[in-house]
Structure formats: C-alpha cells, structure tokens
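Peer 1: Below is the file query31.pdb, which contains PDB, C-alpha atoms, pLDDT in the B column.
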```pdb
MODEL        1
ATOM      1  CA  MET A  12      -9.274 -10.251   8.998  1.00 63.00           C
ATOM      2  CA  VAL A  13      -7.011  -8.326  11.388  1.00 72.00           C
ATOM      3  CA  GLU A  14      -4.155  -8.579   8.902  1.00 79.00           C
ATOM      4  CA  LEU A  15      -6.392  -7.158   6.175  1.00 80.00           C
ATOM      5  CA  GLN A  16      -7.336  -4.170   8.343  1.00 87.00           C
ATOM      6  CA  THR A  17      -3.677  -3.637   9.252  1.00 88.00           C
ATOM      7  CA  HIS A  18      -2.750  -3.470   5.559  1.00 86.00           C
ATOM      8  CA  LEU A  19      -5.597  -1.078   4.801  1.00 92.00           C
ATOM      9  CA  THR A  20      -4.672   1.206   7.690  1.00 95.00           C
ATOM     10  CA  LEU A  21      -1.034   1.306   6.623  1.00 95.00           C
ATOM     11  CA  ILE A  22      -2.016   1.991   3.008  1.00 96.00           C
ATOM     12  CA  GLU A  23      -4.171   4.916   4.106  1.00 98.00           C
ATOM     13  CA  GLU A  24      -1.398   6.360   6.296  1.00 98.00           C
ATOM     14  CA  LEU A  25       1.168   6.092   3.496  1.00 98.00           C
ATOM     15  CA  ARG A  26      -1.282   7.578   0.988  1.00 98.00           C
ATOM     16  CA  LYS A  27      -1.789  10.597   3.241  1.00 98.00           C
ATOM     17  CA  GLU A  28       1.966  10.921   3.750  1.00 98.00           C
ATOM     18  CA  LEU A  29       2.553  10.855  -0.010  1.00 98.00           C
ATOM     19  CA  HIS A  30      -0.121  13.489  -0.543  1.00 98.00           C
ATOM     20  CA  LEU A  31       1.442  15.788   2.070  1.00 98.00           C
ATOM     21  CA  VAL A  32       4.966  15.378   0.720  1.00 97.00           C
ATOM     22  CA  ALA A  33       3.919  15.832  -2.920  1.00 97.00           C
ATOM     23  CA  LYS A  34       1.794  18.895  -2.175  1.00 97.00           C
ATOM     24  CA  ASP A  35       4.791  21.257  -2.030  1.00 96.00           C
ATOM     25  CA  LYS A  36       7.417  19.380  -4.022  1.00 97.00           C
ATOM     26  CA  PRO A  37       7.789  18.261  -7.623  1.00 97.00           C
ATOM     27  CA  LEU A  38       6.906  14.626  -8.284  1.00 96.00           C
ATOM     28  CA  THR A  39      10.555  13.866  -9.055  1.00 97.00           C
ATOM     29  CA  HIS A  40      11.785  15.136  -5.675  1.00 98.00           C
ATOM     30  CA  PRO A  41      13.574  12.349  -3.750  1.00 98.00           C
ATOM     31  CA  GLU A  42      11.176  12.616  -0.778  1.00 98.00           C
ATOM     32  CA  VAL A  43       8.162  12.215  -3.065  1.00 98.00           C
ATOM     33  CA  VAL A  44       9.759   9.300  -4.887  1.00 98.00           C
ATOM     34  CA  LEU A  45      10.578   7.604  -1.568  1.00 98.00           C
ATOM     35  CA  ALA A  46       7.046   8.103  -0.221  1.00 98.00           C
ATOM     36  CA  SER A  47       5.630   6.746  -3.475  1.00 98.00           C
ATOM     37  CA  HIS A  48       7.956   3.742  -3.331  1.00 98.00           C
ATOM     38  CA  ARG A  49       6.876   2.976   0.236  1.00 98.00           C
ATOM     39  CA  LEU A  50       3.216   3.084  -0.754  1.00 98.00           C
ATOM     40  CA  ASP A  51       3.846   0.942  -3.846  1.00 97.00           C
ATOM     41  CA  THR A  52       5.646  -1.654  -1.740  1.00 96.00           C
ATOM     42  CA  VAL A  53       2.768  -1.933   0.727  1.00 94.00           C
ATOM     43  CA  LEU A  54       0.202  -2.008  -2.095  1.00 93.00           C
ATOM     44  CA  ASN A  55       2.107  -4.850  -3.764  1.00 93.00           C
ATOM     45  CA  CYS A  56       2.217  -6.721  -0.464  1.00 88.00           C
ATOM     46  CA  PHE A  57      -1.515  -6.149   0.017  1.00 89.00           C
ATOM     47  CA  TYR A  58      -2.231  -7.391  -3.501  1.00 90.00           C
ATOM     48  CA  SER A  59      -0.166 -10.527  -2.869  1.00 87.00           C
ATOM     49  CA  PHE A  60      -1.959 -11.086   0.443  1.00 83.00           C
ATOM     50  CA  CYS A  61      -5.355 -10.770  -1.267  1.00 83.00           C
ATOM     51  CA  LEU A  62      -4.323 -13.020  -4.139  1.00 81.00           C
ATOM     52  CA  VAL A  63      -3.203 -15.761  -1.754  1.00 80.00           C
ATOM     53  CA  SER A  64      -6.376 -15.373   0.313  1.00 77.00           C
ATOM     54  CA  TRP A  65      -8.542 -15.657  -2.797  1.00 71.00           C
ATOM     55  CA  GLN A  66      -6.639 -18.742  -3.960  1.00 71.00           C
ATOM     56  CA  ILE A  67      -7.093 -20.389  -0.564  1.00 72.00           C
ATOM     57  CA  ASP A  68     -10.810 -19.566  -0.633  1.00 71.00           C
ATOM     58  CA  ALA A  69     -11.087 -21.076  -4.130  1.00 72.00           C
ATOM     59  CA  ILE A  70      -9.337 -24.270  -3.024  1.00 75.00           C
ATOM     60  CA  GLU A  71     -11.557 -24.614   0.043  1.00 74.00           C
ATOM     61  CA  ALA A  72     -14.752 -24.044  -1.978  1.00 68.00           C
TER
ENDMDL
END
```
Can you give me the file's structure in the form of structure tokens?

Peer 2:
Amino acid sequence: MVELQTHLTLIEELRKELHLVAKDKPLTHPEVVLASHRLDTVLNCFYSFCLVSWQIDAIEA
C-alpha cells in the first residue's frame, strides 16, 4: 500500500508541475513536452503496477 501512495503522490506532484509549466508556454514548448513525458512515464508505471497487483489478487482469489 505504501508503494501505491508513493506513486499517487508522485503523479500529483508531476501533474502540478506540468500545469505550472504549461500555464505560460505553448504546449509544444520543450519544457512542457518534457514535463508531460515525465508524467506519462510515471502514469504508465502506475498502470503497470496496478495491473500486476490486480492479476496477483485474481490468482490468489
């Protein structure tokens, strides 16, 4: 459960960072693209973590 909360906290921090960067720059600006890429990477990791957790739960059930 700690790992889940860690992912959620990081996602929220990166989401806020993306919002701040994109507020004053066009969406194609390299800083915005980089912030978006960072968030996407963590979201993909979180999705994979959840998928594995759900599969383990299904096997144990």

Peer 1: Taking all atoms listed in the file into account, which of A:Asn55, A:Ile70, A:Cys61, A:Leu50 comes nearest Leu21 (chain A)?

Peer 2: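 Smallest distance to Leu21 (chain A) is found for A:Leu50.
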
Peer 1: Please evaluate the PyMOL selection byres ((chain A and resi 22) around 10) against the displayed coordinates and give the resulting residues as a list in words.

Peer 2: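 So the PyMOL selection byres ((chain A and resi 22) around 10) ends up selecting Gln16, Thr17, His18, Leu19, Thr20, Leu21, Glu23, Glu24, Leu25, Arg26, Lys27, Glu28, Arg49, Leu50, Asp51, Thr52, Val53, Leu54 and Phe57 of chain A.
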
Peer 1: Let me know the centre plus edge lengths, in Å and rounded to one decimal, of a box with edges along x, y and z that contains all listed atoms of region 32-40 of chain A and is padded by 6 Å on every side, as lines of an AutoDock Vina configuration file.

Peer 2:
```
center_x = 6.8
center_y = 17.6
center_z = -4.2
size_x = 22.0
size_y = 19.4
size_z = 21.8
```

Peer 1: One decimal, Å: what's the distance from CA of Glu14 (chain A) over to CA of Trp65 (chain A), could you say?

Peer 2: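 Answer for the CA of Glu14 (chain A) to CA of Trp65 (chain A) separation: 14.4 Å.
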
Peer 1: Any idea what the distance is between CA of Ser59 (chain A) and CA of Thr39 (chain A)?

Peer 2: 27.4 Å

Peer 1: Run the PyMOL selection byres ((chain A and resi 43) around 12) mentally over the shown coordinates, then write out the matched residues as an MDAnalysis selection string, using the chain letters and numbers from the document.

Peer 2: chainID A and resid 25:42 44:50
